[in-house]
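J.: The structure is given below, and queries will be raised subsequently.
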Amino acid sequence: MLDSWERPSTGRSDIPREFLVSAELYVSLAAGASLRKPINQWKKSDRRDSARPTSGASEDKKVKEKSSWLALARGPAGSDQWRSATCKLSEEGERCLLNIYVDESILYQTIYIHLLHHTDIRQADNSLFCRKQCLGIYCIAGQRWTSTHTAEPVYLHFPNSDACNTWLSLLRSYAIPEIYGRWVFPEDGGSYRMWRQVELTIIQGRNLGYSKPFESNGNANGMELAMDSDVVDIDVSCEVNLNDIACGRTTVKKGIGSPEWHEAFVFSDLPPFDTLAIVVWREKKLFKPAILGSIRVALGNFRRGETVDGWFPVLHGGTTVNDVQVGEIRLKIRVDEEIILPYSAYSKLLKTFNSRNFLDWMTEFEMKLRLKTISTHLMSIAVARGVLIEQVQELAFKEVDGSTSSHQTLFRGNTILTKVMELCMAWYGKAFLEASIGSVLRRLCAEKVAIEVDPLRSGKGTKDVERNVEQLIYWCQEFWNQIYSVREECPNEIRRLFETIRQLVEQRYRPQGPLQEQNKHLPWQSVSAFCFLRFIVPAILHPHLFGLCPGLPSVPVQRSLTLIAKVIQSLANLNASVQKEDFMRGVKDFLRDRVPAMIEYLDLVSSPANDPGSLYPRATDRHDRLNVVNSLRQRERTMPVLDREAIPLLPHLLDIPRHLAIITSAVIRNSRGFCSNDSSDPGDQVLKDFCSQCFEVEEHALLRVSQLATKISSDRRPLASASWTQVSTPPVSPDHSMSFPVFSPTPKRRPHKSSRPSTAPSSSETDTSRRRMFATSSLMPHPTPDIVRQPPDQRGPQHRTRLPSHTRSTSTECVPSFGVVSPSELMRPLQTVTDISDDARKRKKGLLRGILRR
């Protein structure tokens, strides 16, 4: 029997393959201190010059990055945190090695990619370093050789998202996917694979720094009576840890009163769930940050696919027993965990989905099922099929032809078309938006520019208001110059959509007669209704929601951004004479002078490029990506089905079976009431047929899981009792045939836990070719009246046996509901049940229900 995490032979060619990329490597202080300096290569002809005083040292000091609290190691961070690196990926038979060189000559690390799991290679959150396009590689001793005494993850920063996505897909193609039951369905390469995600929003805090004994009764309102005089005036920030690894950070806020963050994090492609920890740091200038308290949440306690919003107590010691509460933080948490079947299992469902415009499905899901969270997944399928732009254009024709709106209100309301256009602009235009306003916006936030031109708000005299108007015009000019300068970088997909909108408006509202002069700008205004009103201007108003700056800007900066957004939107409307507020009339000259440039801008972004390839920054980037894509295609031919489908598709990292699995689970959760209604509407019947096919997929998944459970039940009978208490072992160390020394320091962080979903086998087994099936801390057992508890068995106190529960859905979001659970209940560790029987017959009978536990 094959190991559940062991990749079978893929028949790779013995011809070595090599890939090179230049990136920036994060090097902590501890790792940087042990790196040797590069040796200078002096030539004899340069000895005379070498005797002169060199100014290179002073120039190097200027290049070094300033210290930042965002360093992974808390405390005053030194320089040289990011270094230029060259990554070389080499394929040697069944092995794949990633060599990382710093300063062009120092071998920093060698990572054995073939020993890593897919979940060990994932994108790092932007908040971790205030950088985008960062890739994190999480490996332990035995999975790498390092020249430094460090066990921290490897973080690589790529120059653009295209390079980052390409290397993420390439590295995962050599890693081990999380596939279970390879021996049950050998034709598919396994029974199924797993996918996990955590969505976290840190909303606000209260009474941070105010100490009181913690009450474990779940009373979330106990600290509301704290006096304002007792609240400590401190600066606080939060650090997000998943499985004891730092994954994200918030900005620093004043702790007095109720600090508001409203910062959202999405952690996808996660390993098996363990604990989510929110560490609250107390920041103070010139002093090392100190831990104020922490929140520890057992993710296994959450019902999958549902959002929990509540106040969580911040505990000084991180436990819930005899501890001190130092405040509360309001969190919004959603945990998703999906079983992903082979692509062929969704063929019938996908055929039905492709029979209609995906926007029609989106409309019915929102109107009839009240399902509004799967729009991105619906779009992903359309993007993979290459029909997204055409289907959006088709909807635009319908909406304009059947619209009764006047030209002044066209595209101003919230419809399916406007919503999907926003999604398309966010999908294709991330880099374009960053280039348009990102640098200027962050500069304004860093300088804490406060602009107020309303005399009633400022309470200042006329001269002060005039100076503020001049400052407003200056920053509007800065924003517009940057927006206009990158107009050529608008993606061709967005240009095609804007061209369709412009042409439809020209045909429908053709300016004729006395209205010709009044409506001559209407086609350009229809383009600006999307490009500015629904894309650029909202990003100026709320930059943290578009990933342009870390955290919510301060109130004065928000006011400055609001005024700038008003001016830019007025310019986009091509009407410089209309200003609602009297105090905004000072920018009239600015608007009038730049209307012609705005028309030129709108004309360019609504005209597709003759050569779409010219929009890429460099031709070498396209060449490198094509080399990777061609290599992946050659290797995928010899891969098993599930291994091949686990590799994300470039350039958007699409995973069609995963998107279909998420859609199926969401439809099942929301369609039970709809399917029970007896409706004669033909449109309802089409949706009911789609829902019934989702339930068929669910039944197929249950069949695969039950067959896997039966196989494991029969294979584990002769196992000794010790096999149930053994914990996971780290991956096997590489063999000694490598041409470089292997250094395996004792890691400071814990190796991968044995926590697994109850539908997934564990990562170890006493037999080397098999690993045990059940997790020790995946889901909290909950007693059910229908189930008779079995007396304790004799397998040892370390084994945690699960209580079986009723199977409801193939996706693991349908965990048994715990009723109304307070945040303090979610923070409790998973309980150990000690009253389980050793009756072999009952244990076998409950196996299937235990393995299907949600």
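Following the order of the structure tokens, first chain is A, next is B, and so on, with residues numbered from 1 inside each chain and ligands from 1 in the order they appear.
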Identify, on the basis of only C-alpha atoms, every residue whose closest approach to Val387 of chain A does not exceed 12 Å; exclude the query and any residue fewer than 2 positions from it along the same chain; express the result as an mmCIF file with N, CA and C atoms, in the first residue's frame.

T.:
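And here is the file that came out, result_38.cif:
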```cif
data_model
loop_
_atom_site.group_PDB
_atom_site.id
_atom_site.type_symbol
_atom_site.label_atom_id
_atom_site.label_comp_id
_atom_site.auth_asym_id
_atom_site.auth_seq_id
_atom_site.Cartn_x
_atom_site.Cartn_y
_atom_site.Cartn_z
ATOM 1 N N ASN A 354 -21.486 24.980 -18.323
ATOM 2 C CA ASN A 354 -21.037 25.596 -19.566
ATOM 3 C C ASN A 354 -22.166 25.807 -20.569
ATOM 4 N N ARG A 356 -24.696 27.603 -20.194
ATOM 5 C CA ARG A 356 -25.241 28.955 -20.083
ATOM 6 C C ARG A 356 -24.106 29.936 -19.808
ATOM 7 N N ASN A 357 -24.427 31.205 -19.957
ATOM 8 C CA ASN A 357 -23.500 32.257 -19.580
ATOM 9 C C ASN A 357 -23.288 32.212 -18.068
ATOM 10 N N PHE A 358 -22.032 32.254 -17.650
ATOM 11 C CA PHE A 358 -21.769 32.145 -16.211
ATOM 12 C C PHE A 358 -22.411 33.299 -15.443
ATOM 13 N N LEU A 359 -22.678 34.422 -16.110
ATOM 14 C CA LEU A 359 -23.347 35.534 -15.440
ATOM 15 C C LEU A 359 -24.812 35.217 -15.149
ATOM 16 N N LEU A 378 -16.773 31.357 -9.974
ATOM 17 C CA LEU A 378 -17.472 31.292 -11.257
ATOM 18 C C LEU A 378 -16.647 31.961 -12.352
ATOM 19 N N MET A 379 -16.047 33.095 -12.007
ATOM 20 C CA MET A 379 -15.192 33.783 -12.970
ATOM 21 C C MET A 379 -13.976 32.949 -13.338
ATOM 22 N N SER A 380 -13.416 32.256 -12.367
ATOM 23 C CA SER A 380 -12.215 31.460 -12.624
ATOM 24 C C SER A 380 -12.475 30.385 -13.669
ATOM 25 N N ILE A 381 -13.651 29.768 -13.604
ATOM 26 C CA ILE A 381 -13.980 28.749 -14.597
ATOM 27 C C ILE A 381 -14.127 29.376 -15.973
ATOM 28 N N ALA A 382 -14.754 30.548 -16.026
ATOM 29 C CA ALA A 382 -14.895 31.240 -17.308
ATOM 30 C C ALA A 382 -13.536 31.661 -17.859
ATOM 31 N N VAL A 383 -12.628 32.091 -16.988
ATOM 32 C CA VAL A 383 -11.285 32.466 -17.430
ATOM 33 C C VAL A 383 -10.548 31.244 -17.976
ATOM 34 N N ALA A 384 -10.681 30.105 -17.308
ATOM 35 C CA ALA A 384 -10.003 28.893 -17.775
ATOM 36 C C ALA A 384 -10.527 28.447 -19.132
ATOM 37 N N ARG A 385 -11.795 28.667 -19.385
ATOM 38 C CA ARG A 385 -12.381 28.300 -20.684
ATOM 39 C C ARG A 385 -12.097 29.342 -21.752
ATOM 40 N N ILE A 389 -14.383 37.318 -21.288
ATOM 41 C CA ILE A 389 -14.603 38.608 -21.946
ATOM 42 C C ILE A 389 -15.816 38.539 -22.862
ATOM 43 N N GLU A 390 -15.948 37.470 -23.638
ATOM 44 C CA GLU A 390 -17.071 37.354 -24.562
ATOM 45 C C GLU A 390 -18.404 37.309 -23.826
ATOM 46 N N GLN A 391 -18.462 36.603 -22.703
ATOM 47 C CA GLN A 391 -19.730 36.506 -21.981
ATOM 48 C C GLN A 391 -20.076 37.811 -21.279
ATOM 49 N N VAL A 392 -19.081 38.549 -20.822
ATOM 50 C CA VAL A 392 -19.362 39.868 -20.253
ATOM 51 C C VAL A 392 -19.842 40.817 -21.340
ATOM 52 N N GLN A 393 -19.244 40.745 -22.510
ATOM 53 C CA GLN A 393 -19.692 41.573 -23.623
ATOM 54 C C GLN A 393 -21.130 41.230 -24.014
ATOM 55 N N GLU A 394 -21.460 39.953 -23.976
ATOM 56 C CA GLU A 394 -22.827 39.535 -24.291
ATOM 57 C C GLU A 394 -23.819 40.126 -23.295
ATOM 58 N N GLU A 493 -7.313 42.937 -21.832
ATOM 59 C CA GLU A 493 -8.646 42.434 -21.486
ATOM 60 C C GLU A 493 -9.560 43.564 -21.020
#
```

J.: Just the residues within 9 Å of Phe674 of chain A, please, counting only C-alpha atoms, with nothing from its chain fewer than 6 positions along; format it as a list in words.

T.: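 Neighbouring residues, sequence-local ones excluded: Lys368, Leu369, Asp684 and Lys688 of chain A.
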
J.: Just to be explicit: take each residue in the selection above, keep N, CA and C atoms, and write the result as an mmCIF file, in the first residue's frame.

T.:
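What landed in result.cif:
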```cif
data_model
loop_
_atom_site.group_PDB
_atom_site.id
_atom_site.type_symbol
_atom_site.label_atom_id
_atom_site.label_comp_id
_atom_site.auth_asym_id
_atom_site.auth_seq_id
_atom_site.Cartn_x
_atom_site.Cartn_y
_atom_site.Cartn_z
ATOM 1 N N LYS A 368 -31.869 33.590 -6.039
ATOM 2 C CA LYS A 368 -32.691 32.473 -5.562
ATOM 3 C C LYS A 368 -32.057 31.694 -4.422
ATOM 4 N N LEU A 369 -30.741 31.661 -4.371
ATOM 5 C CA LEU A 369 -30.064 30.923 -3.301
ATOM 6 C C LEU A 369 -29.421 31.840 -2.268
ATOM 7 N N ASP A 684 -36.580 27.954 -12.543
ATOM 8 C CA ASP A 684 -36.270 27.253 -11.302
ATOM 9 C C ASP A 684 -35.873 25.814 -11.559
ATOM 10 N N LYS A 688 -32.654 23.797 -10.260
ATOM 11 C CA LYS A 688 -32.814 22.569 -9.472
ATOM 12 C C LYS A 688 -32.017 21.424 -10.083
#
```

J.: If you run DSSP on this backbone, which residues of segment 543-636 of chain A come out as helix (DSSP H, G or I), and could you give them as a count of residues only?

T.: 68

J.: Would you compute the distance between atom CA of Ser375 of chain A and atom CA of Val667 of chain A? Give it in Å to one decimal.

T.: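 Between atom CA of Ser375 of chain A and atom CA of Val667 of chain A the gap is 12.4 Å.
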
J.: Identify, with DSSP run on backbone atoms, the residues in segment 324-390 of chain A assigned to strand (DSSP E or B), and express the list as a list of chain:residue names.

T.: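 So, restricting segment 324-390 of chain A to strand (DSSP E or B), we get A:Val324, A:Gln325, A:Val326, A:Gly327, A:Glu328, A:Ile329, A:Arg330, A:Leu331, A:Lys332, A:Ile333, A:Arg334, A:Val335, A:Asp336, A:Glu337, A:Glu338, A:Ile339, A:Ile340.
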
J.: Output all heavy atoms for every residue in the selection just made, as a short mmCIF file (atom, residue, chain, number, x, y, z; two decimals), in the first residue's frame.

T.:
```cif
data_model
loop_
_atom_site.label_atom_id
_atom_site.label_comp_id
_atom_site.auth_asym_id
_atom_site.auth_seq_id
_atom_site.Cartn_x
_atom_site.Cartn_y
_atom_site.Cartn_z
N VAL A 324 -4.91 36.15 33.12
CA VAL A 324 -5.30 37.55 33.25
C VAL A 324 -5.72 38.06 31.88
O VAL A 324 -4.99 37.90 30.90
CB VAL A 324 -4.14 38.40 33.81
CG1 VAL A 324 -4.54 39.86 33.87
CG2 VAL A 324 -3.75 37.90 35.19
N GLN A 325 -6.89 38.67 31.83
CA GLN A 325 -7.38 39.24 30.59
C GLN A 325 -6.94 40.69 30.50
O GLN A 325 -7.12 41.46 31.42
CB GLN A 325 -8.91 39.14 30.52
CG GLN A 325 -9.50 39.63 29.23
CD GLN A 325 -11.00 39.38 29.15
OE1 GLN A 325 -11.54 38.61 29.93
NE2 GLN A 325 -11.66 40.01 28.20
N VAL A 326 -6.35 41.05 29.34
CA VAL A 326 -5.81 42.40 29.16
C VAL A 326 -6.51 43.13 28.03
O VAL A 326 -5.92 43.98 27.38
CB VAL A 326 -4.29 42.33 28.92
CG1 VAL A 326 -3.56 41.91 30.17
CG2 VAL A 326 -3.97 41.41 27.75
N GLY A 327 -7.75 42.78 27.77
CA GLY A 327 -8.50 43.45 26.74
C GLY A 327 -9.23 42.45 25.86
O GLY A 327 -9.21 41.23 26.10
N GLU A 328 -9.87 42.99 24.82
CA GLU A 328 -10.61 42.17 23.88
C GLU A 328 -10.37 42.70 22.46
O GLU A 328 -10.14 43.90 22.27
CB GLU A 328 -12.11 42.19 24.18
CG GLU A 328 -12.49 41.51 25.48
CD GLU A 328 -13.97 41.68 25.78
OE1 GLU A 328 -14.45 42.83 25.77
OE2 GLU A 328 -14.63 40.66 26.03
N ILE A 329 -10.47 41.80 21.51
CA ILE A 329 -10.35 42.16 20.10
C ILE A 329 -11.50 41.50 19.35
O ILE A 329 -11.78 40.31 19.54
CB ILE A 329 -9.00 41.73 19.51
CG1 ILE A 329 -7.87 42.54 20.13
CG2 ILE A 329 -8.99 41.90 18.00
CD1 ILE A 329 -6.50 42.21 19.58
N ARG A 330 -12.13 42.28 18.51
CA ARG A 330 -13.21 41.75 17.70
C ARG A 330 -12.64 41.14 16.43
O ARG A 330 -11.93 41.82 15.66
CB ARG A 330 -14.21 42.86 17.35
CG ARG A 330 -15.44 42.36 16.58
CD ARG A 330 -16.34 43.51 16.20
NE ARG A 330 -17.42 43.07 15.35
CZ ARG A 330 -18.26 43.88 14.70
NH1 ARG A 330 -18.09 45.20 14.82
NH2 ARG A 330 -19.21 43.40 13.94
N LEU A 331 -12.95 39.87 16.21
CA LEU A 331 -12.44 39.13 15.06
C LEU A 331 -13.59 38.58 14.24
O LEU A 331 -14.67 38.29 14.78
CB LEU A 331 -11.55 37.96 15.51
CG LEU A 331 -10.35 38.28 16.39
CD1 LEU A 331 -9.67 36.99 16.81
CD2 LEU A 331 -9.38 39.20 15.69
N LYS A 332 -13.35 38.46 12.97
CA LYS A 332 -14.27 37.77 12.06
C LYS A 332 -13.47 36.66 11.38
O LYS A 332 -12.49 36.92 10.69
CB LYS A 332 -14.85 38.72 11.02
CG LYS A 332 -15.90 38.08 10.11
CD LYS A 332 -16.36 39.04 9.04
CE LYS A 332 -17.14 40.19 9.65
NZ LYS A 332 -17.69 41.09 8.59
N ILE A 333 -13.89 35.41 11.62
CA ILE A 333 -13.12 34.26 11.16
C ILE A 333 -14.02 33.34 10.35
O ILE A 333 -15.15 33.06 10.73
CB ILE A 333 -12.53 33.47 12.36
CG1 ILE A 333 -11.72 34.40 13.27
CG2 ILE A 333 -11.66 32.32 11.88
CD1 ILE A 333 -11.22 33.73 14.52
N ARG A 334 -13.48 32.89 9.25
CA ARG A 334 -14.15 31.88 8.42
C ARG A 334 -13.13 30.81 8.06
O ARG A 334 -12.03 31.12 7.60
CB ARG A 334 -14.74 32.50 7.15
CG ARG A 334 -15.35 31.47 6.19
CD ARG A 334 -15.73 32.11 4.87
NE ARG A 334 -16.07 31.10 3.87
CZ ARG A 334 -17.28 30.90 3.37
NH1 ARG A 334 -18.29 31.66 3.78
NH2 ARG A 334 -17.50 29.98 2.45
N VAL A 335 -13.50 29.56 8.27
CA VAL A 335 -12.62 28.43 8.01
C VAL A 335 -13.24 27.58 6.91
O VAL A 335 -14.41 27.19 7.01
CB VAL A 335 -12.41 27.59 9.29
CG1 VAL A 335 -11.56 26.37 9.00
CG2 VAL A 335 -11.76 28.43 10.38
N ASP A 336 -12.47 27.31 5.88
CA ASP A 336 -12.91 26.46 4.77
C ASP A 336 -11.97 25.28 4.62
O ASP A 336 -10.75 25.43 4.73
CB ASP A 336 -12.96 27.26 3.46
CG ASP A 336 -14.08 28.27 3.42
OD1 ASP A 336 -15.26 27.85 3.41
OD2 ASP A 336 -13.80 29.48 3.43
N GLU A 337 -12.55 24.13 4.34
CA GLU A 337 -11.78 22.90 4.15
C GLU A 337 -12.57 22.04 3.17
O GLU A 337 -13.72 21.67 3.45
CB GLU A 337 -11.56 22.19 5.48
CG GLU A 337 -10.60 21.02 5.41
CD GLU A 337 -10.32 20.46 6.80
OE1 GLU A 337 -11.20 20.59 7.66
OE2 GLU A 337 -9.24 19.89 7.01
N GLU A 338 -11.99 21.74 2.03
CA GLU A 338 -12.72 21.07 0.96
C GLU A 338 -12.03 19.79 0.52
O GLU A 338 -10.81 19.71 0.47
CB GLU A 338 -12.84 22.00 -0.26
CG GLU A 338 -13.65 23.25 -0.03
CD GLU A 338 -15.13 22.98 0.16
OE1 GLU A 338 -15.58 21.86 -0.15
OE2 GLU A 338 -15.85 23.88 0.62
N ILE A 339 -12.86 18.81 0.20
CA ILE A 339 -12.40 17.59 -0.48
C ILE A 339 -12.50 17.84 -1.98
O ILE A 339 -13.56 18.23 -2.47
CB ILE A 339 -13.26 16.38 -0.08
CG1 ILE A 339 -13.07 16.06 1.41
CG2 ILE A 339 -12.93 15.18 -0.94
CD1 ILE A 339 -13.98 14.96 1.90
N ILE A 340 -11.42 17.63 -2.69
CA ILE A 340 -11.38 17.90 -4.13
C ILE A 340 -11.24 16.56 -4.86
O ILE A 340 -10.26 15.85 -4.68
CB ILE A 340 -10.22 18.84 -4.50
CG1 ILE A 340 -10.32 20.13 -3.69
CG2 ILE A 340 -10.23 19.13 -5.99
CD1 ILE A 340 -9.16 21.07 -3.91
#
```

J.: Tell me, in Å to one decimal, how far atom CA of Val527 of chain A is from atom CA of Leu497 of chain A.

T.: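 Computing it gives 9.3 Å between the two atoms.
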
J.: Show me, as a PDB file with N, CA and C atoms, in the first residue's frame, the residues that have an atom within 6 Å of segment 572-578 of chain A when counting only C-alpha atoms, minus same-chain residues fewer than 6 positions from it.

T.:
```pdb
ATOM      1  N   GLN A 525     -17.588  59.315 -21.062  1.00  0.00           N
ATOM      2  CA  GLN A 525     -18.116  59.288 -19.695  1.00  0.00           C
ATOM      3  C   GLN A 525     -18.568  57.884 -19.305  1.00  0.00           C
ATOM      4  N   SER A 528     -15.428  56.172 -18.252  1.00  0.00           N
ATOM      5  CA  SER A 528     -14.971  56.645 -16.934  1.00  0.00           C
ATOM      6  C   SER A 528     -15.877  56.152 -15.814  1.00  0.00           C
ATOM      7  N   LYS A 588     -11.217  74.590 -10.130  1.00  0.00           N
ATOM      8  CA  LYS A 588     -11.886  74.663 -11.434  1.00  0.00           C
ATOM      9  C   LYS A 588     -10.871  74.809 -12.565  1.00  0.00           C
ATOM     10  N   LEU A 591      -9.151  71.514 -13.353  1.00  0.00           N
ATOM     11  CA  LEU A 591      -9.988  70.585 -14.092  1.00  0.00           C
ATOM     12  C   LEU A 591     -10.112  70.993 -15.560  1.00  0.00           C
ATOM     13  N   ARG A 592     -10.325  72.277 -15.812  1.00  0.00           N
ATOM     14  CA  ARG A 592     -10.527  72.730 -17.179  1.00  0.00           C
ATOM     15  C   ARG A 592      -9.291  72.489 -18.045  1.00  0.00           C
ATOM     16  N   VAL A 595      -8.950  68.457 -18.989  1.00  0.00           N
ATOM     17  CA  VAL A 595     -10.009  67.693 -19.643  1.00  0.00           C
ATOM     18  C   VAL A 595      -9.537  67.076 -20.961  1.00  0.00           C
TER      19      VAL A 595
END
```

J.: For a quick check of understanding, using only C-alpha atoms, which of A:Arg282, A:Arg467, A:Arg95, A:Arg296 has the smallest distance to Gly586 of chain A?

T.: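 Smallest separation from Gly586 of chain A among the options: A:Arg467.
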
J.: Given only C-alpha atoms as the basis, pick out the residue of A:Ile416, A:Leu270, A:Ala661, A:Leu708 nearest to Asp360 of chain A.

T.: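 The answer is A:Ile416, which sits nearest to Asp360 of chain A.
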